[in-house]
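S.K.: First the structure, then my questions, so here it is.
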Amino acid sequence: MKKIIFCMLLIAGVTAIGFAEHETWVTVGGAFGNYFMRGSDMDNARLSSPGVNLSFYSISRQGNIGVFFNWGVLFPFAYTIHSLEEGYEPDNQFDFILAGFAAAFNIARNTKFYCGIGPNINLLLLSSKDVREKSGSYLTGLGIGGDVGFKYNFSNMICITGGTTLSYQFAAHRDMKYIDQSNHEQEVHSWVSEYTMLGVKPYVAVGLHFY
């Protein structure tokens, strides 16, 4: 996971340098995600999670377009999952909206509207209270996501942002481990058929912006 985050930051930094004139901002703040999933093995699943949100934007001041990514770590505390896998419960959830295209426009002297769209990957870690089950199992979802919000500049360096990410996923792969009745470790690696997921994650963040 640390390698993935490092690569994302490196790609974003190299991309930002490529702009002759650009505005860049990085923010960190709180978020609350709500996700609604269903599939052949998940009947009307719902997950609500508070967490941390990290955003990066680099926008060309000449064309008002650029790139962005949004990353989050969420910590489920309220959920309803009927049949994801018997005995398993959500543990942690990682959100990714990777290397998307973005646009930003000034709507007031210190206020900017921004939006972006890109591929979305969601990693849901699962654990079980049953000692016969193996923790570390996970569900990986694939789809498309977007980010919409406003940025207000307090000074030449400090800014605050508020907005929401939206996600729609159309595929998910399940990787589970458990101990069967014969005390042998078994693994399940399969795609979840008829899978869909809708997600909304409002956030508020503070950070740095520079030209």
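Labeling convention for the structure tokens: chains A, B, ... as they appear, residues from 1 per chain, ligands from 1 in order of appearance.
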Determine, counting only C-alpha atoms, which protein, DNA and RNA residues have an atom within 9 Å of an atom of Met157 of chain A; residues of the same chain fewer than 3 positions away are not included. Present the result as an mmCIF file with C-alpha atoms, in the first residue's frame.
M.R.:
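This went into result_30.cif:
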```
data_model
loop_
_atom_site.group_PDB
_atom_site.id
_atom_site.type_symbol
_atom_site.label_atom_id
_atom_site.label_comp_id
_atom_site.auth_asym_id
_atom_site.auth_seq_id
_atom_site.Cartn_x
_atom_site.Cartn_y
_atom_site.Cartn_z
ATOM 1 C CA TRP A 25 -3.092 22.367 -4.422
ATOM 2 C CA ASN A 153 -7.940 30.711 -0.683
ATOM 3 C CA PHE A 154 -7.272 32.174 2.756
ATOM 4 C CA GLY A 207 -4.201 22.409 2.524
ATOM 5 C CA LEU A 208 -1.610 24.299 0.525
ATOM 6 C CA HIS A 209 -1.890 25.847 -2.910
ATOM 7 C CA PHE A 210 0.841 27.402 -5.013
#
```
S.K.: Can you tell me, as a PDB file with N, CA and C atoms, in the first residue's frame, what residues are no more than 8 Å from Gly163 of chain A when counting only C-alpha atoms, ignoring any on the same chain fewer than 5 positions away?
M.R.:
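Heads up, here's the output in out.pdb:
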```pdb
ATOM      1  N   ASP A 147     -15.179  13.928  -8.891  1.00  0.00           N
ATOM      2  CA  ASP A 147     -14.969  14.804  -7.737  1.00  0.00           C
ATOM      3  C   ASP A 147     -15.472  16.188  -8.104  1.00  0.00           C
ATOM      4  N   VAL A 148     -16.296  16.779  -7.241  1.00  0.00           N
ATOM      5  CA  VAL A 148     -16.854  18.110  -7.473  1.00  0.00           C
ATOM      6  C   VAL A 148     -16.741  18.894  -6.177  1.00  0.00           C
ATOM      7  N   GLY A 149     -16.258  20.150  -6.259  1.00  0.00           N
ATOM      8  CA  GLY A 149     -16.135  20.926  -5.040  1.00  0.00           C
ATOM      9  C   GLY A 149     -15.757  22.375  -5.273  1.00  0.00           C
ATOM     10  N   PHE A 150     -15.520  23.073  -4.169  1.00  0.00           N
ATOM     11  CA  PHE A 150     -15.129  24.480  -4.190  1.00  0.00           C
ATOM     12  C   PHE A 150     -13.864  24.661  -3.361  1.00  0.00           C
ATOM     13  N   PRO A 202     -18.899  12.918   0.830  1.00  0.00           N
ATOM     14  CA  PRO A 202     -18.653  14.343   1.101  1.00  0.00           C
ATOM     15  C   PRO A 202     -17.383  14.515   1.940  1.00  0.00           C
ATOM     16  N   TYR A 203     -16.707  15.646   1.750  1.00  0.00           N
ATOM     17  CA  TYR A 203     -15.483  15.901   2.507  1.00  0.00           C
ATOM     18  C   TYR A 203     -15.270  17.399   2.709  1.00  0.00           C
ATOM     19  N   VAL A 204     -14.502  17.741   3.731  1.00  0.00           N
ATOM     20  CA  VAL A 204     -14.021  19.101   3.992  1.00  0.00           C
ATOM     21  C   VAL A 204     -12.538  18.976   4.309  1.00  0.00           C
TER      22      VAL A 204
END
```
S.K.: For the atom pair atom CA of Gly118 of chain A and atom CA of Leu166 of chain A, what is the interatomic distance in Å to one decimal place?
M.R.: 10.6 Å
S.K.: Between A:Ala104, A:Ala31, A:Cys115, A:Ala45, single out the one closest to Gln62 of chain A, counting only C-alpha atoms.
M.R.: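 Among A:Ala104, A:Ala31, A:Cys115, A:Ala45, it is A:Ala104 that comes nearest to Gln62 of chain A.
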S.K.: Can you work out which one of A:Glu23, A:Asn70, A:Ser182, A:Glu194 has the shortest atom-to-atom distance to Lys112 of chain A, counting only C-alpha atoms?
M.R.: A:Glu23
S.K.: Need to verify the contact set: Gly143 of chain A, 12 Å, only C-alpha atoms, exclusion of same-chain residues closer than 3 positions in sequence. Can you return it as a tab-separated table (two decimals) with N, CA and C atoms, in the first residue's frame?
M.R.:
```tsv
chain	number	residue	atom	x	y	z
A	95	ASP	N	-10.19	3.96	-0.67
A	95	ASP	CA	-10.80	4.55	-1.85
A	95	ASP	C	-9.72	5.08	-2.78
A	96	PHE	N	-9.89	4.89	-4.07
A	96	PHE	CA	-8.97	5.48	-5.03
A	96	PHE	C	-9.75	6.08	-6.21
A	97	ILE	N	-9.41	7.29	-6.60
A	97	ILE	CA	-9.80	7.83	-7.89
A	97	ILE	C	-8.50	8.25	-8.55
A	98	LEU	N	-8.06	7.53	-9.54
A	98	LEU	CA	-6.68	7.65	-10.01
A	98	LEU	C	-6.56	8.52	-11.26
A	117	ILE	N	-12.83	13.75	-13.25
A	117	ILE	CA	-13.40	12.43	-13.49
A	117	ILE	C	-12.27	11.47	-13.85
A	118	GLY	N	-12.38	10.23	-13.40
A	118	GLY	CA	-11.34	9.25	-13.68
A	118	GLY	C	-11.73	7.86	-13.21
A	119	PRO	N	-10.88	6.86	-13.46
A	119	PRO	CA	-11.16	5.49	-13.01
A	119	PRO	C	-11.17	5.40	-11.50
A	120	ASN	N	-11.97	4.49	-10.99
A	120	ASN	CA	-12.14	4.33	-9.54
A	120	ASN	C	-11.87	2.90	-9.14
A	121	ILE	N	-11.05	2.73	-8.11
A	121	ILE	CA	-10.78	1.41	-7.53
A	121	ILE	C	-11.11	1.47	-6.04
A	122	ASN	N	-11.85	0.50	-5.57
A	122	ASN	CA	-12.24	0.45	-4.17
A	122	ASN	C	-11.78	-0.87	-3.57
A	123	LEU	N	-11.07	-0.81	-2.45
A	123	LEU	CA	-10.59	-2.01	-1.77
A	123	LEU	C	-11.23	-2.09	-0.39
A	140	THR	N	-12.36	-6.21	-4.14
A	140	THR	CA	-11.83	-5.13	-4.98
A	140	THR	C	-12.86	-4.75	-6.03
A	146	GLY	N	-15.89	10.49	-9.81
A	146	GLY	CA	-15.77	11.92	-10.05
A	146	GLY	C	-15.62	12.70	-8.76
A	166	LEU	N	-18.04	11.05	-6.15
A	166	LEU	CA	-19.11	10.17	-6.59
A	166	LEU	C	-18.48	8.98	-7.30
A	167	SER	N	-19.02	7.81	-7.11
A	167	SER	CA	-18.44	6.64	-7.76
A	167	SER	C	-19.53	5.66	-8.20
A	168	TYR	N	-19.27	5.05	-9.35
A	168	TYR	CA	-20.11	3.97	-9.86
A	168	TYR	C	-19.20	2.83	-10.27
A	169	GLN	N	-19.44	1.65	-9.67
A	169	GLN	CA	-18.61	0.50	-9.99
A	169	GLN	C	-19.46	-0.60	-10.61
A	170	PHE	N	-18.87	-1.26	-11.59
A	170	PHE	CA	-19.60	-2.28	-12.36
A	170	PHE	C	-18.93	-3.65	-12.29
A	171	ALA	N	-17.85	-3.79	-11.53
A	171	ALA	CA	-17.17	-5.08	-11.40
A	171	ALA	C	-16.50	-5.17	-10.04
A	172	ALA	N	-16.43	-6.37	-9.49
A	172	ALA	CA	-15.77	-6.60	-8.20
A	172	ALA	C	-15.21	-8.01	-8.16
A	195	TYR	N	-22.64	-7.37	-10.26
A	195	TYR	CA	-22.23	-6.42	-9.22
A	195	TYR	C	-22.40	-4.98	-9.68
A	196	THR	N	-22.96	-4.15	-8.81
A	196	THR	CA	-23.00	-2.70	-9.01
A	196	THR	C	-22.81	-2.03	-7.65
A	197	MET	N	-22.23	-0.84	-7.69
A	197	MET	CA	-22.03	-0.07	-6.47
A	197	MET	C	-22.16	1.41	-6.78
A	198	LEU	N	-22.89	2.13	-5.93
A	198	LEU	CA	-23.00	3.58	-6.00
A	198	LEU	C	-22.44	4.15	-4.70
A	199	GLY	N	-21.61	5.18	-4.83
A	199	GLY	CA	-20.99	5.75	-3.64
A	199	GLY	C	-20.98	7.27	-3.66
```
